[in-house]
$ cat coords-v2.csv   # CSV, C-alpha atoms and all ligand atoms
chain,number,residue,atom,x,y,z
A,1,MET,CA,53.6,38.4,94.4
A,2,ARG,CA,52.3,34.9,94.1
A,3,GLU,CA,50.4,33.4,91.2
A,4,VAL,CA,47.1,31.8,92.4
A,5,SER,CA,45.3,29.0,90.5
A,6,GLY,CA,41.7,30.2,90.7
A,7,PRO,CA,39.2,33.1,91.3
A,8,THR,CA,38.6,32.1,94.9
A,9,ASP,CA,42.2,32.7,96.0
A,10,ALA,CA,42.2,36.0,94.1
A,11,ALA,CA,39.0,37.1,95.8
A,12,LEU,CA,40.3,36.2,99.2
A,13,ALA,CA,43.5,38.3,98.6
A,14,LEU,CA,41.3,41.3,97.5
A,15,ALA,CA,39.0,40.9,100.5
A,16,HIS,CA,42.1,40.9,102.8
A,17,GLY,CA,43.3,44.2,101.3
A,18,HIS,CA,45.9,43.0,98.7
A,19,LEU,CA,46.2,43.8,95.1
A,20,ALA,CA,45.5,41.3,92.3
A,21,ILE,CA,46.6,41.2,88.6
A,22,LEU,CA,43.4,40.0,86.9
A,23,PRO,CA,42.5,39.1,83.3
A,24,THR,CA,39.8,41.1,81.4
A,25,GLU,CA,38.6,40.8,77.8
A,26,THR,CA,40.4,44.1,76.9
A,27,VAL,CA,43.7,44.1,78.8
A,28,TYR,CA,44.9,42.8,82.2
A,29,GLY,CA,44.0,45.0,85.2
A,30,LEU,CA,45.6,45.7,88.5
A,31,GLY,CA,42.7,45.2,90.9
A,32,ALA,CA,41.8,46.3,94.4
A,33,ASP,CA,38.6,46.1,96.5
A,34,ALA,CA,36.9,49.3,95.4
A,35,ASP,CA,35.6,49.9,99.0
A,36,ASN,CA,39.2,49.8,100.4
A,37,PRO,CA,40.9,53.2,100.1
A,38,GLU,CA,44.3,51.9,101.3
A,39,THR,CA,44.5,49.2,98.7
A,40,VAL,CA,43.2,51.4,96.0
A,41,GLY,CA,45.9,53.9,97.0
A,42,ARG,CA,48.5,51.2,96.4
A,43,ILE,CA,47.3,50.9,92.8
A,44,PHE,CA,48.7,54.4,92.3
A,45,THR,CA,52.1,53.8,93.9
A,46,THR,CA,52.5,50.5,92.2
A,47,LYS,CA,51.7,52.0,88.8
A,48,ASN,CA,53.5,55.3,89.5
A,49,ARG,CA,50.3,56.9,88.5
A,50,PRO,CA,49.3,60.5,89.5
A,51,ALA,CA,46.7,60.5,92.3
A,52,ASN,CA,44.3,62.7,90.3
A,53,HIS,CA,43.8,60.0,87.6
A,54,PRO,CA,40.5,58.3,88.4
A,55,VAL,CA,40.1,54.5,88.1
A,56,ILE,CA,37.4,52.3,86.6
A,57,VAL,CA,35.2,50.3,89.1
A,58,HIS,CA,34.2,46.9,87.7
A,59,ILE,CA,30.9,45.6,88.9
A,60,SER,CA,29.3,42.2,88.3
A,61,GLN,CA,26.0,43.3,86.9
A,62,GLN,CA,24.3,46.4,85.4
A,63,GLU,CA,21.8,46.6,88.3
A,64,HIS,CA,24.6,47.5,90.7
A,65,ILE,CA,25.3,50.8,89.0
A,66,TYR,CA,22.7,52.3,91.3
A,67,MET,CA,24.9,51.4,94.3
A,68,TRP,CA,27.8,53.5,92.9
A,69,ALA,CA,26.2,56.2,90.7
A,70,THR,CA,23.2,58.5,90.6
A,71,THR,CA,21.2,60.3,87.8
A,72,VAL,CA,21.6,57.5,85.3
A,73,PRO,CA,20.2,58.7,81.9
A,74,ASP,CA,17.9,56.3,79.9
A,75,TYR,CA,20.5,56.1,77.1
A,76,ALA,CA,23.1,54.8,79.7
A,77,VAL,CA,20.7,52.1,80.7
A,78,ASP,CA,20.2,51.2,77.0
A,79,LEU,CA,24.0,51.1,76.4
A,80,GLY,CA,24.5,48.9,79.4
A,81,THR,CA,21.8,46.6,78.3
A,82,ALA,CA,23.2,46.4,74.8
A,83,PHE,CA,26.9,46.0,75.6
A,84,TRP,CA,27.4,44.7,79.1
A,85,PRO,CA,29.1,42.5,80.0
A,86,GLY,CA,31.7,43.9,77.6
A,87,PRO,CA,34.3,46.5,76.7
A,88,LEU,CA,32.3,49.6,77.6
A,89,THR,CA,32.9,52.0,80.5
A,90,LEU,CA,30.2,54.5,81.5
A,91,ILE,CA,31.1,57.8,83.3
A,92,LEU,CA,28.2,58.7,85.6
A,93,LYS,CA,27.5,61.1,88.5
A,94,ARG,CA,28.8,59.5,91.6
A,95,LEU,CA,27.2,58.4,94.9
A,96,PRO,CA,29.2,59.1,98.1
A,97,ARG,CA,30.4,55.4,98.1
A,98,ALA,CA,32.5,56.3,95.1
A,99,GLY,CA,35.0,58.3,97.2
A,100,ASP,CA,37.7,60.8,96.1
A,101,TYR,CA,40.3,58.0,96.3
A,102,LEU,CA,38.6,56.4,93.2
A,103,THR,CA,37.5,59.5,91.3
A,104,GLY,CA,40.6,61.7,91.7
A,105,GLY,CA,38.3,64.2,93.4
A,106,GLN,CA,35.9,64.4,90.4
A,107,GLU,CA,32.1,64.2,90.9
A,108,THR,CA,31.9,61.3,88.4
A,109,ILE,CA,32.6,57.5,88.6
A,110,ALA,CA,33.6,55.2,85.8
A,111,LEU,CA,31.8,51.8,85.8
A,112,ARG,CA,32.2,48.7,83.7
A,113,VAL,CA,31.0,45.1,83.6
A,114,SER,CA,33.7,42.9,82.2
A,115,SER,CA,32.8,39.9,80.0
A,116,HIS,CA,35.8,37.9,81.1
A,117,PRO,CA,34.4,34.8,82.9
A,118,VAL,CA,37.4,34.6,85.2
A,119,PHE,CA,37.0,38.2,86.2
A,120,GLY,CA,33.3,37.7,86.7
A,121,GLU,CA,34.0,34.7,89.0
A,122,VAL,CA,36.4,36.8,91.1
A,123,LEU,CA,33.6,39.4,91.6
A,124,THR,CA,31.2,36.7,92.5
A,125,GLN,CA,33.6,35.2,95.1
A,126,LEU,CA,34.4,38.7,96.5
A,127,ALA,CA,30.7,39.4,96.8
A,128,GLN,CA,30.3,36.2,98.8
A,129,GLU,CA,33.3,36.9,101.0
A,130,LYS,CA,32.1,40.4,101.8
A,131,ASN,CA,28.5,39.5,101.9
A,132,ASP,CA,27.7,42.4,99.5
A,133,PRO,CA,26.5,41.7,95.9
A,134,SER,CA,27.4,45.2,94.8
A,135,VAL,CA,31.1,44.9,95.4
A,136,GLY,CA,33.4,46.5,92.9
A,137,ILE,CA,37.0,45.9,91.8
A,138,ALA,CA,38.9,49.1,91.0
A,139,ALA,CA,41.3,48.2,88.2
A,140,PRO,CA,43.3,50.3,85.8
A,141,SER,CA,45.4,48.5,83.2
A,142,ALA,CA,48.3,46.5,84.8
A,143,ASN,CA,51.2,48.6,83.4
A,144,ARG,CA,53.4,51.3,84.8
A,145,PHE,CA,52.1,54.8,84.1
A,146,GLY,CA,52.4,55.8,80.4
A,147,SER,CA,53.7,52.4,79.3
A,148,VAL,CA,52.2,49.7,77.0
A,149,SER,CA,49.1,47.9,78.4
A,150,PRO,CA,49.5,44.1,79.0
A,151,THR,CA,47.4,41.5,77.2
A,152,THR,CA,48.9,38.5,78.8
A,153,LEU,CA,49.7,37.6,82.5
A,154,ALA,CA,53.4,37.4,81.6
A,155,HIS,CA,53.4,41.0,80.3
A,156,ALA,CA,51.5,42.3,83.4
A,157,ILE,CA,54.1,40.6,85.7
A,158,GLU,CA,56.9,42.1,83.5
A,159,GLU,CA,55.4,45.5,84.1
A,160,LEU,CA,54.5,45.4,87.8
A,161,GLY,CA,55.9,42.2,89.4
A,162,GLU,CA,58.8,43.9,91.0
A,163,TYR,CA,56.5,46.5,92.7
A,164,LEU,CA,54.1,44.1,94.3
A,165,THR,CA,54.3,42.6,97.8
A,166,ASP,CA,54.5,38.9,98.6
A,167,GLU,CA,50.8,38.8,99.5
A,168,ASP,CA,49.6,40.4,96.3
A,169,VAL,CA,48.4,37.9,93.7
A,170,ALA,CA,48.2,37.3,90.0
A,171,LEU,CA,45.6,35.2,88.1
A,172,ASP,CA,46.0,33.9,84.6
A,173,GLY,CA,43.0,34.0,82.2
A,174,GLY,CA,44.7,33.6,78.8
A,175,SER,CA,45.4,36.3,76.2
A,176,SER,CA,42.9,39.2,76.3
A,177,HIS,CA,40.8,38.7,73.2
A,178,VAL,CA,39.8,42.3,72.5
A,179,GLY,CA,43.3,43.6,73.0
A,180,VAL,CA,42.6,47.3,73.4
A,181,GLU,CA,40.9,49.0,76.3
A,182,SER,CA,37.2,49.6,76.8
A,183,THR,CA,35.3,52.4,75.1
A,184,ILE,CA,34.7,55.2,77.6
A,185,ILE,CA,31.4,57.1,77.3
A,186,ASP,CA,30.6,60.3,79.2
A,187,ALA,CA,27.1,59.6,80.3
A,188,THR,CA,26.6,62.7,82.5
A,189,GLY,CA,24.9,64.9,79.9
A,190,SER,CA,21.7,64.7,77.8
A,191,GLU,CA,23.6,62.8,75.0
A,192,PRO,CA,26.5,60.3,75.2
A,193,ILE,CA,30.0,61.5,74.2
A,194,ILE,CA,32.9,59.1,73.4
A,195,LEU,CA,36.0,60.0,75.6
A,196,ARG,CA,38.1,57.0,74.5
A,197,HIS,CA,37.6,54.7,71.5
A,198,GLY,CA,37.8,51.0,72.3
A,199,GLY,CA,36.3,47.6,72.0
A,200,ILE,CA,32.8,48.8,71.4
A,201,THR,CA,32.9,50.8,68.2
A,202,ALA,CA,31.2,54.2,67.5
A,203,GLU,CA,29.1,52.3,64.9
A,204,ASP,CA,28.0,49.8,67.6
A,205,ILE,CA,26.9,52.7,69.8
A,206,GLU,CA,25.1,54.6,67.0
A,207,SER,CA,23.0,51.5,66.5
A,208,VAL,CA,21.5,52.1,70.0
A,209,ILE,CA,21.7,55.8,70.5
A,210,LYS,CA,22.8,59.0,68.6
A,211,LEU,CA,26.2,60.1,69.8
A,212,SER,CA,26.7,63.8,70.7
A,213,GLN,CA,29.1,65.7,68.5
A,214,SER,CA,29.9,68.2,71.3
A,215,GLU,CA,33.1,68.3,73.4
A,216,SER,CA,32.8,66.7,76.8
A,217,ASP,CA,33.7,68.8,79.9
A,218,VAL,CA,34.5,65.6,81.8
A,219,ARG,CA,38.3,65.3,82.5
A,220,ALA,CA,39.7,61.9,81.5
A,221,PRO,CA,43.3,62.4,82.5
A,222,GLY,CA,44.5,59.0,81.3
A,223,THR,CA,43.8,60.0,77.7
A,224,LEU,CA,47.1,61.9,77.3
A,225,ALA,CA,48.8,62.6,74.0
A,226,SER,CA,51.7,60.4,74.9
A,227,HIS,CA,50.7,57.0,76.3
A,228,TYR,CA,51.2,53.3,75.5
A,229,ALA,CA,54.8,54.3,74.6
A,230,PRO,CA,57.5,51.8,73.8
A,231,ASN,CA,61.2,52.7,74.7
A,232,LYS,CA,62.1,52.8,71.0
A,233,GLN,CA,60.8,55.2,68.5
A,234,LEU,CA,57.6,54.2,66.9
A,235,ARG,CA,56.9,55.8,63.5
A,236,LEU,CA,53.6,55.7,61.8
A,237,VAL,CA,53.8,55.3,58.0
A,238,THR,CA,51.7,54.6,55.0
A,239,HIS,CA,52.4,51.5,52.8
A,240,ASN,CA,54.1,53.7,50.2
A,241,GLU,CA,56.2,55.7,52.7
A,242,LEU,CA,57.5,52.4,54.1
A,243,LEU,CA,59.3,51.6,50.9
A,244,GLU,CA,61.5,54.7,51.3
A,245,ARG,CA,62.5,54.0,54.9
A,246,GLN,CA,65.6,52.3,56.4
A,247,PRO,CA,64.7,48.8,57.6
A,248,GLY,CA,63.2,48.3,61.1
A,249,ALA,CA,60.6,46.3,62.9
A,250,LEU,CA,57.2,46.3,61.2
A,251,ILE,CA,53.6,46.0,62.4
A,252,ALA,CA,51.0,46.1,59.6
A,253,MET,CA,48.0,44.3,58.2
A,254,SER,CA,48.6,41.3,56.0
A,255,ASP,CA,47.9,43.2,52.7
A,256,VAL,CA,51.2,45.1,53.4
A,257,LYS,CA,54.1,43.2,52.0
A,258,THR,CA,57.3,43.1,54.1
A,259,PRO,CA,60.0,45.1,52.3
A,260,THR,CA,63.5,43.5,52.1
A,261,GLY,CA,65.4,43.7,55.3
A,262,PHE,CA,62.4,44.6,57.5
A,263,ASN,CA,61.7,42.5,60.6
A,264,ARG,CA,57.9,41.7,60.4
A,265,ILE,CA,56.6,41.5,64.0
A,266,ALA,CA,52.8,41.2,63.3
A,267,ILE,CA,50.7,40.3,60.3
A,268,PRO,CA,47.0,40.6,61.3
A,269,LYS,CA,44.4,39.6,58.7
A,270,ASN,CA,41.8,42.1,59.9
A,271,ALA,CA,41.2,44.9,62.3
A,272,ASN,CA,40.0,42.7,65.2
A,273,GLU,CA,43.3,40.6,64.9
A,274,TYR,CA,45.3,43.9,64.7
A,275,ALA,CA,43.7,45.0,68.0
A,276,GLN,CA,44.4,41.6,69.6
A,277,MET,CA,48.0,41.6,68.6
A,278,LEU,CA,48.8,45.3,68.9
A,279,TYR,CA,50.3,45.6,72.4
A,280,ALA,CA,52.2,42.3,72.3
A,281,ALA,CA,53.6,43.4,68.9
A,282,ILE,CA,54.8,46.7,70.3
A,283,ARG,CA,56.4,44.9,73.2
A,284,SER,CA,58.2,42.4,71.1
A,285,ALA,CA,59.3,45.1,68.6
A,286,ASP,CA,60.7,47.0,71.6
A,287,LYS,CA,62.7,43.9,72.6
A,288,SER,CA,64.0,43.2,69.1
A,289,SER,CA,67.4,44.3,67.8
A,290,GLU,CA,65.8,46.9,65.5
A,291,SER,CA,66.3,50.5,66.4
A,292,VAL,CA,63.1,51.8,64.9
A,293,ILE,CA,59.5,50.4,64.9
A,294,TYR,CA,57.2,51.1,62.0
A,295,ALA,CA,53.5,50.7,62.1
A,296,VAL,CA,51.0,51.1,59.2
A,297,PRO,CA,47.8,52.1,60.9
A,298,PRO,CA,44.6,50.3,59.7
A,299,THR,CA,42.1,52.4,57.7
A,300,GLY,CA,38.3,52.5,58.1
A,301,GLY,CA,35.9,52.5,60.9
A,302,GLY,CA,35.0,50.1,63.7
A,303,ILE,CA,37.8,49.0,66.0
A,304,ALA,CA,40.4,50.5,63.6
A,305,ALA,CA,39.6,53.9,65.2
A,306,ALA,CA,40.7,52.6,68.6
A,307,ILE,CA,43.9,51.1,67.0
A,308,ARG,CA,44.8,54.4,65.3
A,309,ASP,CA,44.1,56.2,68.6
A,310,ARG,CA,46.6,53.9,70.5
A,311,LEU,CA,49.2,54.0,67.7
A,312,ASN,CA,49.1,57.9,67.6
A,313,ARG,CA,49.7,58.1,71.4
A,314,ALA,CA,52.3,55.4,71.3
A,315,ALA,CA,54.1,57.3,68.6
A,316,THR,CA,54.0,60.6,70.6
A,317,GLN,CA,57.3,61.0,72.6
A,401,LIG,O1,39.5,48.1,79.3
A,401,LIG,C1,39.7,48.9,80.3
A,401,LIG,O2,39.0,49.9,80.5
A,401,LIG,C2,40.8,48.5,81.2
A,401,LIG,C3,40.4,47.2,81.9
A,401,LIG,C4,41.4,46.8,83.0
A,401,LIG,O3,39.1,47.3,82.4
A,401,LIG,N1,41.1,49.5,82.2
A,401,LIG,C5,41.6,50.7,81.8
A,401,LIG,O4,41.9,51.5,82.9
A,401,LIG,O5,42.0,51.0,80.7
A,401,LIG,P1,42.8,52.8,82.9
A,401,LIG,O6,42.9,53.3,84.2
A,401,LIG,O7,44.1,52.4,82.3
A,401,LIG,O8,42.1,53.8,82.0
A,401,LIG,C6,40.9,54.3,82.5
A,401,LIG,C7,40.6,55.7,81.9
A,401,LIG,C8,41.6,56.7,82.2
A,401,LIG,O9,41.8,57.5,81.1
A,401,LIG,C9,40.8,57.6,83.2
A,401,LIG,O10,41.3,58.9,83.2
A,401,LIG,C10,39.4,57.4,82.8
A,401,LIG,O11,39.3,56.1,82.4
A,401,LIG,N2,38.5,57.6,83.9
A,401,LIG,C11,38.3,56.8,85.0
A,401,LIG,N3,37.4,57.3,85.8
A,401,LIG,C12,37.0,58.5,85.3
A,401,LIG,C13,36.1,59.5,85.7
A,401,LIG,N4,35.4,59.4,86.8
A,401,LIG,N5,35.9,60.5,84.9
A,401,LIG,C14,36.6,60.6,83.7
A,401,LIG,N6,37.5,59.7,83.3
A,401,LIG,C15,37.7,58.6,84.1
A,402,MG,MG,45.8,52.4,81.1
$ encode --input "coords-v2.csv" --output "structure tokens"
Amino acid sequence: MREVSGPTDAALALAHGHLAILPTETVYGLGADADNPETVGRIFTTKNRPANHPVIVHISQQEHIYMWATTVPDYAVDLGTAFWPGPLTLILKRLPRAGDYLTGGQETIALRVSSHPVFGEVLTQLAQEKNDPSVGIAAPSANRFGSVSPTTLAHAIEELGEYLTDEDVALDGGSSHVGVESTIIDATGSEPIILRHGGITAEDIESVIKLSQSESDVRAPGTLASHYAPNKQLRLVTHNELLERQPGALIAMSDVKTPTGFNRIAIPKNANEYAQMLYAAIRSADKSSESVIYAVPPTGGGIAAAIRDRLNRAATQ
């Protein structure tokens, strides 16, 4: 793997059928040209990800959804207009272009427009290189299957560097400012259903369109009970429970005081900061000399729901 200095080199590598570690506003992604089944196939071997787990295709603009998806409901158009570019992924009925190699054989395709300017520029350059404005970059999070998502280039390289070839590339775009993955919406029915909580909150969505309370029949295999898991045990505790525990590494909001003997890893002042720091904190707690990691989940709505979701999965062995 070689680190490239700009979007043009990353786009060239993608156009030539190589993989690229790329920054997004949520987490770093492992990208491939979405029209190239061989390179997309390498995403799965590189991540050690089961082949039936579909990947998100990132496009440069909302209007290009019609080159990948069909039967786009009005509310999906409204959600795209409100939150793209940004941390929102829409699951739509696929067009044949969205082949089984992207969808894991499902009849749906996941589409997102990232707000990271570097990612946007890679798409623009790839579109020029391939002479096709509707190009897509297939990109799951740049971590090994089941492991913690990376929010910096160093963390992505730590996860995947050893599995990449000399011609694959990596591009730095700073720390991901959202810090947790995109919100995934099932947009195949008459009303939207949240499949994964993320950077766009349920409250944000409800300000545009009523969310359905029913269960989705779309399969989102990445949303497993155990995911984002550190090697050490992660225990979720309340502020009061913490005082009765043996010392360990601690991740909690700044209103939680650090009990004597605990190794405070992160001290976010609000839920947005908590989300930004979460994965880096889990990673550094995992590397610390402590044998147990404690996290006090944030309360309330908004992005706190996505943080609780990730903490619950990370704590499931
Ligand atoms: O923020 C994000 O979404 C990041 C950045 C890189 O964009 N990507 C990401 O990708 O989190 P990944 O592969 O780690 O998670 C994507 C989730 C998985 O749970 C997958 O099962 C679900 O999206 N998914 C993808 N395509 C789908 C489809 N056609 N139908 C249902 N679920 C789908
Ligand atoms: Mg992932």
$ residues_near_ligand --input "coords-v2.csv" --ligand "ligand LIG 401 (chain A)" --cutoff "6 Å" --atoms "only C-alpha atoms and all ligand atoms" --output "ChimeraX atom specification"
/A:26-29,53-56,91,103,108-110,139-141,181-182,218-223
$ atom_distance --input "coords-v2.csv" --atom1 "CA of Leu311 (chain A)" --atom2 "CA of Leu160 (chain A)"
22.5 Å
$ closest_residue --input "coords-v2.csv" --among "A:Arg49, A:Arg264, A:Arg97, A:Arg2" --to "ligand MG 402 (chain A)" --atoms "all atoms listed in the file"
A:Arg49
$ atom_distance --input "coords-v2.csv" --atom1 "CA of Thr238 (chain A)" --atom2 "CA of Asp255 (chain A)"
12.2 Å
$ residues_around --input "coords-v2.csv" --residues "region 277-279 of chain A" --least-positions-apart "3" --cutoff "12 Å" --atoms "all atoms listed in the file" --output "number ranges by chain"
A: 26-28, 143, 147-152, 155-156, 175-181, 228-230, 250-253, 265-274, 282-286, 295-298, 303-304, 306-311, 314
$ closest_residue --input "coords-v2.csv" --among "A:Ser214, A:Ser60, A:Gln125, A:Ser289" --to "Leu12 (chain A)" --atoms "only C-alpha atoms"
A:Gln125
$ atom_distance --input "coords-v2.csv" --atom1 "CA of Ala170 (chain A)" --atom2 "CA of Thr183 (chain A)"
24.8 Å
$ closest_residue --input "coords-v2.csv" --among "A:Asn263, A:Gln276, A:Thr46, A:Gln246" --to "Ile157 (chain A)" --atoms "only C-alpha atoms"
A:Thr46
$ closest_residue --input "coords-v2.csv" --among "A:Thr260, A:Thr8, A:Ser226, A:Asn36" --to "ligand MG 402 (chain A)" --atoms "all atoms listed in the file"
A:Ser226
$ closest_residue --input "coords-v2.csv" --among "A:Arg42, A:Lys130, A:Arg112, A:Arg144" --to "His227 (chain A)" --atoms "all atoms listed in the file"
A:Arg144
$ closest_residue --input "coords-v2.csv" --among "A:Gln61, A:Thr70, A:Asn48, A:Ser5" --to "ligand MG 402 (chain A)" --atoms "all atoms listed in the file"
A:Asn48
$ closest_atom_pairs --input "coords-v2.csv" --of "region 99-162 of chain A" --to "region 14-24 of chain A" --cutoff "8 Å" --atoms "only C-alpha atoms" --output "JSON lines"
{"residue": "A:Ser114", "atom": "CA", "partner": "A:Thr24", "partner_atom": "CA", "distance": 6.4}
{"residue": "A:Ser115", "atom": "CA", "partner": "A:Thr24", "partner_atom": "CA", "distance": 7.2}
{"residue": "A:His116", "atom": "CA", "partner": "A:Thr24", "partner_atom": "CA", "distance": 5.1}
{"residue": "A:Val118", "atom": "CA", "partner": "A:Pro23", "partner_atom": "CA", "distance": 7.1}
{"residue": "A:Phe119", "atom": "CA", "partner": "A:Thr24", "partner_atom": "CA", "distance": 6.3}
{"residue": "A:Leu126", "atom": "CA", "partner": "A:Ala15", "partner_atom": "CA", "distance": 6.5}
{"residue": "A:Glu129", "atom": "CA", "partner": "A:Ala15", "partner_atom": "CA", "distance": 7.0}
{"residue": "A:Lys130", "atom": "CA", "partner": "A:Ala15", "partner_atom": "CA", "distance": 7.0}
{"residue": "A:Ala142", "atom": "CA", "partner": "A:Ile21", "partner_atom": "CA", "distance": 6.7}
{"residue": "A:Thr152", "atom": "CA", "partner": "A:Pro23", "partner_atom": "CA", "distance": 7.8}
{"residue": "A:Leu153", "atom": "CA", "partner": "A:Pro23", "partner_atom": "CA", "distance": 7.4}
{"residue": "A:Ala156", "atom": "CA", "partner": "A:Ile21", "partner_atom": "CA", "distance": 7.2}
$ residues_near_point --input "coords-v2.csv" --point "(23.7, 58.8, 82.4)" --cutoff "12 Å" --atoms "all atoms listed in the file" --output "PyMOL selection string"
chain A and resi 65-66+69-80+89-94+108-111+185-193
$ residues_around --input "coords-v2.csv" --residues "Ser291 (chain A)" --least-positions-apart "5" --cutoff "9 Å" --atoms "only C-alpha atoms" --output "list in words"
Lys232, Gln233, Gly248, Ala249 and Asp286 of chain A
$ write_last_selection --input "coords-v2.csv" --atoms "C-alpha atoms" --output "JSON list (two decimals), keeping the file's coordinate frame"
[["chain", "number", "residue", "atom", "x", "y", "z"],
["A", 232, "LYS", "CA", 62.10, 52.80, 71.00],
["A", 233, "GLN", "CA", 60.80, 55.20, 68.50],
["A", 248, "GLY", "CA", 63.20, 48.30, 61.10],
["A", 249, "ALA", "CA", 60.60, 46.30, 62.90],
["A", 286, "ASP", "CA", 60.70, 47.00, 71.60]]
